[in-house]
Amino acid sequence: MAPYADYICRGEGVKFMRELLGEHVDAPYIQPVITQKQTLFSLPILGRVGYVFAGLGCPNGCDFCATSAFFKRKHIRLLPDGPAILRAIERLRLIYPDMADFWINDEDFLLNKARGRGFLEAIRKSDMPPLSLSIFSSVRALSQFTASELVEMGIDWVWVGYEGKRAGYSKMKGKSFRELFGELHEHGISVLASMIIGFDYQTPEIIEEEFEELMSLRPTMCQFLIYGPAHGTPLYERYKAEGRLDPVAFSDHSKHDGFSLTFNHPHIGPEEMSRIQRSLYHREFERLGPSVYRLVDDLLQGYLNLSDHEAPRVRAKARRCKDIVHRAMVLLLGSRKYVSPGVADWLTELYKKLVEETGPMSPRQHLIAKVVPAMIEYTEFKLRHNIGQQPKFSRKTYRQVKKTYSQVLAGMLPYKLGLHNRGSGF
């Protein structure tokens with residue numbers, strides 16, 4: 001036992017708690033009801049997003065991945081098949097009937113092809129409206145399905161590990177990044193591409209080459225993280241054996257965040273690595289503009305290319321894309337002064353295309369557009385002063401008898417009288 005804990009969970013948490021409480025460990029998982037309101041520039045957008053917990057762990061076994069190492073390269077399917085995933089979505093919709101946006105929590109959703117196919121078939125047989133699903137996935141997993149099938153499932157946002165060209169991870173095998181990203185964008189699916197810097201083979205020049213190639217793919221969003229040997233991972237074991245862990249940086253756990261170099265790199269020092277990382281983020285924004293408008297561009301492509309799709313649900317999704325991008329028009333014109341001249345010109349052209357394809361803004365939209373610059377300034381102020389950046393604390397109780405006020409007061413009374421250590425009766 002640790003000095004500050006009665007029990008320590010090692011491994012999968014639900015099974016641990018069931019064993020601790022003497023419950024059946026193989027009973028079906030009941031999805032928790034977790035939702036979140038969405039905002040943009042401090043303004044409410046769309047609606048609630050619901051969280052579906054489909055699986056834990058990952059069999060890909062990337063050397064830096066703490067999740068894969070923690071679960072010993074196993075994938076624990078909390079929801080065993082496609083129909084089970086759909087039922088979890090339906091359960092949330094019983095509570096929030098208008099909810100259409102969901103986050104599927106699974107390290108590499110669709111890697112199990114049979115479960116992915118089962119989910120697609122379950123969606124096809126259901127009367128579910130067009131959904132908006134966000135997922136973690138990989139080139140390997142996504143290559144098992146056509147972009148049209150992904151749209152049918154409801155997927156319109158994916159996180160994909162771009163990593164590095166010579167990283168050699170198995171999850172990167174399949175379609176080329178260029179082919180995959182192109183197909184996804186054409187079908188209105190946005191892509192967050194995660195690039196890693198700090199592989200042993202990388203020099204500043206090689207990082208620049210890989211960055212330029214990534215920019216040519218026009219990802220919707222980008223993540224640039226520094227290679228890190230988290231405790232328990234194969235990378236940690238290798239660097240420890242090679243004596244390459246920085247004793248000062250690695251001992252500071254606040255630096256295990258993807259934004260600090262905690263080992264000795266053969267070509268790049270810590271300060272230079274941090275400068276490179278900051279530069280990539282800044283130049284990505286200058287080149288491609290705000291990610292929210294790239295997402296609008298993706299949805300516009302979805303509307304234009306899916307309106308005649310053979311599946312009624314996909315045609316309905318195309319109409320939903322049209323509605324979203326039309327409402328997004330209020331953001332475009334008021335944002336131009338915050339971006340580079342080239343991106344400002346692109347925003348102007350995007351606005352013109354939206355007017356052409358979805359119609360002009362209404363008087364109410366024109367009024368909202370006038371306050372957008374003020375909302376951007378307000379949001380920047382909140383970010384700078386860390387106001388409202390963390391979700392509020394929430395507490396849920398399960399299977400506990402509700403006590404009356406008098407019972408609660410009676411339970412507290414010994415403490416108020418200072419009698420709680422004065423005999424077995426209290």
# chains A, B, ... in the order shown; residues from 1 in each chain; ligands from 1

call {"tool": "select_by_dssp", "arguments": {"residues": "stretch 190-270 of chain A", "states": "alpha helix (DSSP H)", "output": "PyMOL selection string"}}
result
chain A and resi 204-216+234-242+247-251+270

call {"tool": "residues_around", "arguments": {"residues": "A:Arg244", "least_positions_apart": "6", "cutoff": "12 Å", "atoms": "only C-alpha atoms", "output": "JSON, numbers by chain"}}
result
{"A": [200, 228, 229, 235, 236, 237, 238, 250, 261, 262, 263, 264, 265, 266]}

call {"tool": "closest_residue", "arguments": {"among": "A:Leu150, A:Ala230, A:Ile376, A:Val292", "to": "A:Leu347", "atoms": "only C-alpha atoms"}}
result
A:Val292

call {"tool": "atom_distance", "arguments": {"atom1": "atom CA of A:Pro32", "atom2": "atom CA of A:Ser126"}}
result
22.4 Å

call {"tool": "residues_around", "arguments": {"residues": "A:Ala66", "least_positions_apart": "3", "cutoff": "8 Å", "atoms": "only C-alpha atoms", "output": "number ranges by chain"}}
result
A: 69-70, 230-233

call {"tool": "atom_distance", "arguments": {"atom1": "atom CA of A:Val339", "atom2": "atom CA of A:Glu286"}}
result
6.9 Å

call {"tool": "residues_around", "arguments": {"residues": "stretch 299-305 of chain A", "least_positions_apart": "3", "cutoff": "6 Å", "atoms": "only C-alpha atoms", "output": "mmCIF file with N, CA and C atoms, in the first residue's frame"}}
result
data_model
loop_
_atom_site.group_PDB
_atom_site.id
_atom_site.type_symbol
_atom_site.label_atom_id
_atom_site.label_comp_id
_atom_site.auth_asym_id
_atom_site.auth_seq_id
_atom_site.Cartn_x
_atom_site.Cartn_y
_atom_site.Cartn_z
ATOM 1 N N GLU A 186 -12.364 15.606 -49.276
ATOM 2 C CA GLU A 186 -13.403 15.625 -50.304
ATOM 3 C C GLU A 186 -14.758 15.183 -49.750
ATOM 4 N N HIS A 187 -14.725 14.369 -48.720
ATOM 5 C CA HIS A 187 -15.966 13.859 -48.127
ATOM 6 C C HIS A 187 -16.364 14.623 -46.864
ATOM 7 N N GLY A 188 -15.788 15.790 -46.674
ATOM 8 C CA GLY A 188 -16.173 16.628 -45.546
ATOM 9 C C GLY A 188 -15.637 16.168 -44.205
ATOM 10 N N VAL A 296 -14.457 24.593 -41.629
ATOM 11 C CA VAL A 296 -15.584 25.101 -42.431
ATOM 12 C C VAL A 296 -15.393 24.747 -43.896
ATOM 13 N N ALA A 318 -25.151 15.951 -45.718
ATOM 14 C CA ALA A 318 -24.728 17.048 -46.589
ATOM 15 C C ALA A 318 -25.548 18.306 -46.299
ATOM 16 N N CYS A 321 -24.262 19.806 -43.180
ATOM 17 C CA CYS A 321 -23.019 20.541 -43.464
ATOM 18 C C CYS A 321 -23.336 21.925 -44.006
ATOM 19 N N LYS A 322 -24.311 21.999 -44.898
ATOM 20 C CA LYS A 322 -24.695 23.295 -45.479
ATOM 21 C C LYS A 322 -25.178 24.240 -44.400
#

call {"tool": "closest_residue", "arguments": {"among": "A:Ala141, A:Ala84, A:Leu245, A:Leu133", "to": "A:Phe109", "atoms": "only C-alpha atoms"}}
result
A:Ala141

call {"tool": "select_by_dssp", "arguments": {"residues": "stretch 152-236 of chain A", "states": "strand (DSSP E)", "output": "list of chain:residue names"}}
result
A:Ile155, A:Asp156, A:Trp157, A:Val158, A:Trp159, A:Val160, A:Gly161, A:Tyr162, A:Glu163, A:Ser190, A:Val191, A:Leu192, A:Ala193, A:Ser194, A:Met195, A:Ile196, A:Ile197, A:Met221, A:Cys222, A:Gln223, A:Phe224, A:Leu225, A:Ile226

call {"tool": "closest_residue", "arguments": {"among": "A:Ile268, A:Leu43, A:Leu20, A:Ala5", "to": "A:Ala369", "atoms": "only C-alpha atoms"}}
result
A:Leu43

call {"tool": "atom_distance", "arguments": {"atom1": "atom CA of A:His282", "atom2": "atom CA of A:Phe177"}}
result
22.7 Å
